[in-house]
$ cat input-v9.txt   # compact mmCIF, C-alpha atoms
# COMPACT_ATOMS: atom_id res chain seq x y z
CA MET A 25 103.79 94.14 118.26
CA THR A 26 104.92 97.58 117.16
CA ALA A 27 107.11 98.71 114.33
CA ASN A 28 110.84 98.90 115.01
CA PRO A 29 111.74 102.56 115.70
CA MET A 30 115.21 102.00 114.23
CA LEU A 31 113.86 100.88 110.84
CA PRO A 32 111.69 102.65 108.30
CA THR A 33 108.04 101.63 108.34
CA PHE A 34 105.68 101.30 105.43
CA ARG A 35 101.93 101.09 105.17
CA ALA A 36 100.71 97.88 103.61
CA PHE A 37 97.22 96.70 102.71
CA VAL A 38 96.42 93.02 103.18
CA GLY A 39 93.29 91.37 101.79
CA LEU A 40 91.69 88.73 104.03
CA GLY A 41 89.19 86.15 102.88
CA GLY A 42 87.90 82.65 103.30
CA ASN A 43 84.92 80.44 102.58
CA LEU A 44 85.46 77.23 104.55
CA GLY A 45 84.71 76.62 108.22
CA ASP A 46 84.02 79.38 110.72
CA VAL A 47 85.45 82.13 108.54
CA SER A 48 84.58 85.05 110.83
CA VAL A 49 86.56 83.42 113.66
CA ARG A 50 89.49 82.75 111.31
CA LEU A 51 89.46 86.33 110.02
CA GLN A 52 89.52 87.67 113.59
CA SER A 53 92.35 85.27 114.42
CA ALA A 54 94.24 86.42 111.32
CA VAL A 55 93.94 90.07 112.39
CA SER A 56 95.34 89.09 115.80
CA GLY A 57 98.12 87.16 114.08
CA LEU A 58 98.99 90.17 111.91
CA ALA A 59 99.18 92.33 115.04
CA GLN A 60 101.69 89.88 116.53
CA LEU A 61 104.09 89.91 113.58
CA PRO A 62 107.51 91.34 114.42
CA TRP A 63 107.93 95.06 113.79
CA THR A 64 104.33 95.31 112.59
CA ALA A 65 101.22 97.08 113.87
CA VAL A 66 97.62 96.87 112.68
CA GLU A 67 96.48 100.40 111.83
CA ALA A 68 92.90 99.76 110.77
CA VAL A 69 90.49 97.05 109.66
CA SER A 70 87.68 97.44 107.13
CA SER A 71 84.16 96.18 107.51
CA VAL A 72 83.53 92.57 106.52
CA TYR A 73 81.88 91.83 103.19
CA GLN A 74 80.16 88.70 101.89
CA THR A 75 81.00 87.89 98.29
CA ARG A 76 80.11 85.27 95.74
CA PRO A 77 83.19 83.34 94.57
CA VAL A 78 85.00 85.13 91.72
CA ASP A 79 86.90 82.73 89.46
CA ALA A 80 86.66 80.21 92.32
CA ASP A 81 84.49 77.42 93.69
CA GLY A 82 82.57 76.83 96.88
CA PRO A 83 80.33 78.82 99.18
CA ASP A 84 80.32 82.59 99.53
CA TYR A 85 83.42 84.27 100.91
CA LEU A 86 83.87 86.71 103.76
CA ASN A 87 86.42 89.40 102.90
CA ALA A 88 88.07 92.39 104.56
CA VAL A 89 91.17 94.56 104.19
CA VAL A 90 93.66 95.38 106.94
CA ALA A 91 96.10 98.31 106.95
CA LEU A 92 99.45 97.59 108.57
CA ARG A 93 102.52 99.65 109.47
CA SER A 94 105.51 97.36 109.15
CA SER A 95 109.27 97.39 109.11
CA LEU A 96 109.25 93.95 107.50
CA GLY A 97 110.23 93.95 103.85
CA PRO A 98 107.58 92.91 101.32
CA GLN A 99 108.96 89.39 100.85
CA GLU A 100 109.25 88.93 104.64
CA LEU A 101 105.70 90.14 105.07
CA LEU A 102 104.50 87.77 102.33
CA ARG A 103 106.22 84.82 104.03
CA SER A 104 104.52 85.80 107.29
CA LEU A 105 101.13 85.90 105.54
CA LEU A 106 101.71 82.44 104.04
CA ASN A 107 102.69 81.12 107.48
CA LEU A 108 99.49 82.54 108.98
CA GLU A 109 97.48 80.83 106.24
CA CYS A 110 99.14 77.50 107.09
CA GLU A 111 98.41 78.01 110.79
CA HIS A 112 94.74 78.28 109.76
CA ASP A 113 94.76 75.00 107.82
CA ARG A 114 95.01 76.56 104.36
CA THR A 115 95.57 73.97 101.65
CA ARG A 116 96.04 74.49 97.92
CA PRO A 117 94.67 71.36 96.23
CA TYR A 118 94.07 73.29 92.99
CA TRP A 119 94.06 76.84 91.64
CA HIS A 120 91.31 78.96 93.26
CA ALA A 121 90.15 76.12 95.50
CA PRO A 122 87.88 76.98 98.45
CA ARG A 123 89.96 78.05 101.44
CA THR A 124 89.89 78.44 105.18
CA LEU A 125 91.97 81.63 104.98
CA ASP A 126 93.47 83.66 102.17
CA LEU A 127 95.85 86.55 102.89
CA ASP A 128 96.99 88.65 99.94
CA LEU A 129 99.56 91.43 100.10
CA LEU A 130 97.76 94.01 98.00
CA TRP A 131 99.93 97.11 98.28
CA TYR A 132 103.15 97.94 100.10
CA GLY A 133 104.17 101.58 100.51
CA GLY A 134 103.85 102.39 96.82
CA LEU A 135 106.46 99.79 95.86
CA ARG A 136 106.27 98.32 92.37
CA LEU A 137 107.59 94.78 92.30
CA ASP A 138 107.34 91.89 89.84
CA THR A 139 109.06 88.70 91.01
CA PRO A 140 108.10 85.04 90.62
CA THR A 141 106.66 85.08 94.17
CA LEU A 142 105.22 88.58 94.53
CA ILE A 143 103.72 91.25 92.29
CA LEU A 144 102.97 94.66 93.81
CA PRO A 145 100.53 96.20 93.68
CA HIS A 146 98.44 93.04 93.47
CA PRO A 147 97.75 92.59 89.74
CA ARG A 148 93.99 91.93 90.00
CA MET A 149 93.00 94.05 92.98
CA LEU A 150 91.34 96.75 90.87
CA GLU A 151 89.15 94.11 89.19
CA ARG A 152 87.78 92.63 92.41
CA ALA A 153 84.88 94.10 94.34
CA PHE A 154 85.93 91.98 97.33
CA VAL A 155 89.14 94.04 97.46
CA LEU A 156 87.91 97.44 96.28
CA GLU A 157 84.90 97.76 98.56
CA PRO A 158 86.72 96.90 101.81
CA LEU A 159 89.74 98.99 100.75
CA ASN A 160 87.55 101.96 99.91
CA ASP A 161 85.67 101.47 103.20
CA LEU A 162 88.95 101.46 105.13
CA VAL A 163 90.43 104.50 103.37
CA GLN A 164 87.24 106.56 103.83
CA ASN A 165 86.71 105.56 107.47
CA GLN A 166 90.29 106.53 108.34
CA ASN A 167 90.08 109.80 106.37
CA TRP A 168 93.11 108.71 104.37
CA THR A 169 93.70 109.55 100.75
CA TRP A 170 93.63 106.82 98.15
CA PRO A 171 97.19 105.62 97.38
CA GLU A 172 98.57 107.91 94.69
CA ASP A 173 100.13 105.09 92.71
CA LEU A 174 96.86 103.14 92.37
CA PRO A 175 94.27 104.13 89.81
CA GLN A 176 91.11 104.88 91.77
CA PRO A 177 88.05 103.30 90.18
CA SER A 178 85.12 105.63 89.76
CA ALA A 179 81.97 105.08 91.79
CA GLN A 180 80.32 103.76 88.61
CA GLN A 181 83.13 101.25 88.00
CA ARG A 182 82.91 100.04 91.61
CA LEU A 183 79.11 99.77 91.40
CA SER A 184 79.39 97.70 88.24
CA LEU A 185 81.82 95.31 89.96
CA VAL A 186 79.55 95.11 93.03
CA GLN A 187 76.57 94.22 90.86
CA THR A 188 78.34 91.66 88.69
CA GLN A 189 80.38 90.04 91.48
CA GLY A 190 77.71 90.04 94.17
CA ILE A 191 79.09 91.65 97.31
CA SER A 192 77.38 93.02 100.39
CA LYS A 193 78.63 94.66 103.58
CA LEU A 194 77.95 92.68 106.75
CA GLU A 195 77.07 94.97 109.64
CA ARG A 196 76.92 92.14 112.15
CA ILE A 197 80.59 91.09 111.92
CA SER A 198 83.42 93.32 113.07
CA LEU A 199 87.11 92.49 113.05
CA ALA A 200 88.11 95.80 114.60
CA ARG A 201 90.41 95.40 117.53

$ encode --input "input-v9.txt" --output "structure tokens"
Amino acid sequence: MTANPMLPTFRAFVGLGGNLGDVSVRLQSAVSGLAQLPWTAVEAVSSVYQTRPVDADGPDYLNAVVALRSSLGPQELLRSLLNLECEHDRTRPYWHAPRTLDLDLLWYGGLRLDTPTLILPHPRMLERAFVLEPLNDLVQNQNWTWPEDLPQPSAQQRLSLVQTQGISKLERISLAR
């Protein structure tokens, strides 16, 4: 679907991940689901990365970041992400449990928000290689500038996270549409 021309649109970054079942198929399905949200368009998709669990259990994760243009508000977009997770059999038996699909609203048009259901920008995104590497990949490949309101980690900081959190780019999987 495309953004509504009568409403303002905002760029949003959504983190995708999962470590149960056929994750690459679920990630591709999630990208398609994001593209079908009302008043929303997928702008770009990062490469896919394999990551050891960080503060979580289970097998390695596959992760990516998607850039959207959306006229949905941040809470509406979050509800849509949670609905997509449910459609992909996401359960929450305990905090940081393995998951079939995880969709996190990372950043929304520079908005700062702190509510019981949503904090923007995502409070831990700058501590997670599985967010930073795909986000950096996406920004560089699109020749965009890093969001002004987000501190940009140095190459050394990112390398340190990559080494301690165990992440690698997977050339064989593409979610690009």

$ atom_distance --input "input-v9.txt" --atom1 "atom CA of A:Glu67" --atom2 "atom CA of A:Gly39"
13.9 Å

$ atom_distance --input "input-v9.txt" --atom1 "atom CA of A:Ser56" --atom2 "atom CA of A:Met149"
23.5 Å

$ residues_near_point --input "input-v9.txt" --point "(83.1, 80.5, 105.7)" --cutoff "8 Å" --atoms "only C-alpha atoms" --output "short mmCIF file (atom, residue, chain, number, x, y, z; two decimals) with C-alpha atoms, in the coordinates of the input"
data_model
loop_
_atom_site.label_atom_id
_atom_site.label_comp_id
_atom_site.auth_asym_id
_atom_site.auth_seq_id
_atom_site.Cartn_x
_atom_site.Cartn_y
_atom_site.Cartn_z
CA GLY A 42 87.90 82.65 103.30
CA ASN A 43 84.92 80.44 102.58
CA LEU A 44 85.46 77.23 104.55
CA GLY A 45 84.71 76.62 108.22
CA ASP A 46 84.02 79.38 110.72
CA VAL A 47 85.45 82.13 108.54
CA SER A 48 84.58 85.05 110.83
CA PRO A 83 80.33 78.82 99.18
CA ASP A 84 80.32 82.59 99.53
CA TYR A 85 83.42 84.27 100.91
CA LEU A 86 83.87 86.71 103.76
CA THR A 124 89.89 78.44 105.18
#

$ closest_residue --input "input-v9.txt" --among "A:Ser71, A:Asn167, A:Thr139, A:Gln187" --to "A:Gln99" --atoms "all atoms listed in the file"
A:Thr139

$ closest_residue --input "input-v9.txt" --among "A:Ala88, A:Leu106, A:Met30, A:Leu135" --to "A:Asn160" --atoms "all atoms listed in the file"
A:Ala88

$ closest_residue --input "input-v9.txt" --among "A:Asp138, A:Asp79, A:Glu111, A:Glu151" --to "A:Pro175" --atoms "only C-alpha atoms"
A:Glu151

$ atom_distance --input "input-v9.txt" --atom1 "atom CA of A:Val72" --atom2 "atom CA of A:Leu40"
9.4 Å

$ residues_around --input "input-v9.txt" --residues "A:Gly82" --least-positions-apart "4" --cutoff "9 Å" --atoms "all atoms listed in the file" --output "ChimeraX atom specification"
/A:43-44,76-77,121-123

$ write_last_selection --input "input-v9.txt" --atoms "C-alpha atoms" --output "PDB file, in the coordinates of the input"
ATOM      1  CA  ASN A  43      84.920  80.440 102.580  1.00  0.00           C
ATOM      2  CA  LEU A  44      85.460  77.230 104.550  1.00  0.00           C
ATOM      3  CA  ARG A  76      80.110  85.270  95.740  1.00  0.00           C
ATOM      4  CA  PRO A  77      83.190  83.340  94.570  1.00  0.00           C
ATOM      5  CA  ALA A 121      90.150  76.120  95.500  1.00  0.00           C
ATOM      6  CA  PRO A 122      87.880  76.980  98.450  1.00  0.00           C
ATOM      7  CA  ARG A 123      89.960  78.050 101.440  1.00  0.00           C
TER       8      ARG A 123
END

$ closest_residue --input "input-v9.txt" --among "A:Asn165, A:Ser94, A:Gln181, A:Thr33" --to "A:Ala59" --atoms "only C-alpha atoms"
A:Ser94

$ decode --input "input-v9.txt" --residues "stretch 154-166 of chain A" --atoms "N, CA and C atoms" --output "JSON list (two decimals), in the first residue's frame"
[["chain", "number", "residue", "atom", "x", "y", "z"],
["A", 154, "PHE", "N", 22.76, -6.21, 16.53],
["A", 154, "PHE", "CA", 21.75, -6.73, 15.61],
["A", 154, "PHE", "C", 20.78, -5.65, 15.13],
["A", 155, "VAL", "N", 20.84, -4.46, 15.73],
["A", 155, "VAL", "CA", 20.12, -3.30, 15.22],
["A", 155, "VAL", "C", 21.07, -2.38, 14.47],
["A", 156, "LEU", "N", 22.21, -2.08, 15.07],
["A", 156, "LEU", "CA", 23.13, -1.10, 14.49],
["A", 156, "LEU", "C", 23.70, -1.53, 13.14],
["A", 157, "GLU", "N", 24.09, -2.78, 13.02],
["A", 157, "GLU", "CA", 24.70, -3.21, 11.75],
["A", 157, "GLU", "C", 23.69, -3.17, 10.60],
["A", 158, "PRO", "N", 22.48, -3.76, 10.76],
["A", 158, "PRO", "CA", 21.52, -3.64, 9.67],
["A", 158, "PRO", "C", 21.09, -2.20, 9.41],
["A", 159, "LEU", "N", 20.94, -1.39, 10.46],
["A", 159, "LEU", "CA", 20.55, 0.00, 10.27],
["A", 159, "LEU", "C", 21.64, 0.77, 9.53],
["A", 160, "ASN", "N", 22.87, 0.57, 9.91],
["A", 160, "ASN", "CA", 23.98, 1.23, 9.23],
["A", 160, "ASN", "C", 24.06, 0.77, 7.77],
["A", 161, "ASP", "N", 23.88, -0.52, 7.55],
["A", 161, "ASP", "CA", 23.86, -1.09, 6.21],
["A", 161, "ASP", "C", 22.78, -0.40, 5.36],
["A", 162, "LEU", "N", 21.59, -0.28, 5.91],
["A", 162, "LEU", "CA", 20.47, 0.31, 5.19],
["A", 162, "LEU", "C", 20.75, 1.78, 4.87],
["A", 163, "VAL", "N", 21.18, 2.55, 5.86],
["A", 163, "VAL", "CA", 21.44, 3.97, 5.67],
["A", 163, "VAL", "C", 22.52, 4.18, 4.61],
["A", 164, "GLN", "N", 23.61, 3.42, 4.68],
["A", 164, "GLN", "CA", 24.70, 3.57, 3.70],
["A", 164, "GLN", "C", 24.26, 3.15, 2.31],
["A", 165, "ASN", "N", 23.55, 2.03, 2.19],
["A", 165, "ASN", "CA", 23.13, 1.55, 0.87],
["A", 165, "ASN", "C", 22.13, 2.48, 0.19],
["A", 166, "GLN", "N", 21.39, 3.24, 0.96],
["A", 166, "GLN", "CA", 20.41, 4.18, 0.40],
["A", 166, "GLN", "C", 21.00, 5.58, 0.23]]
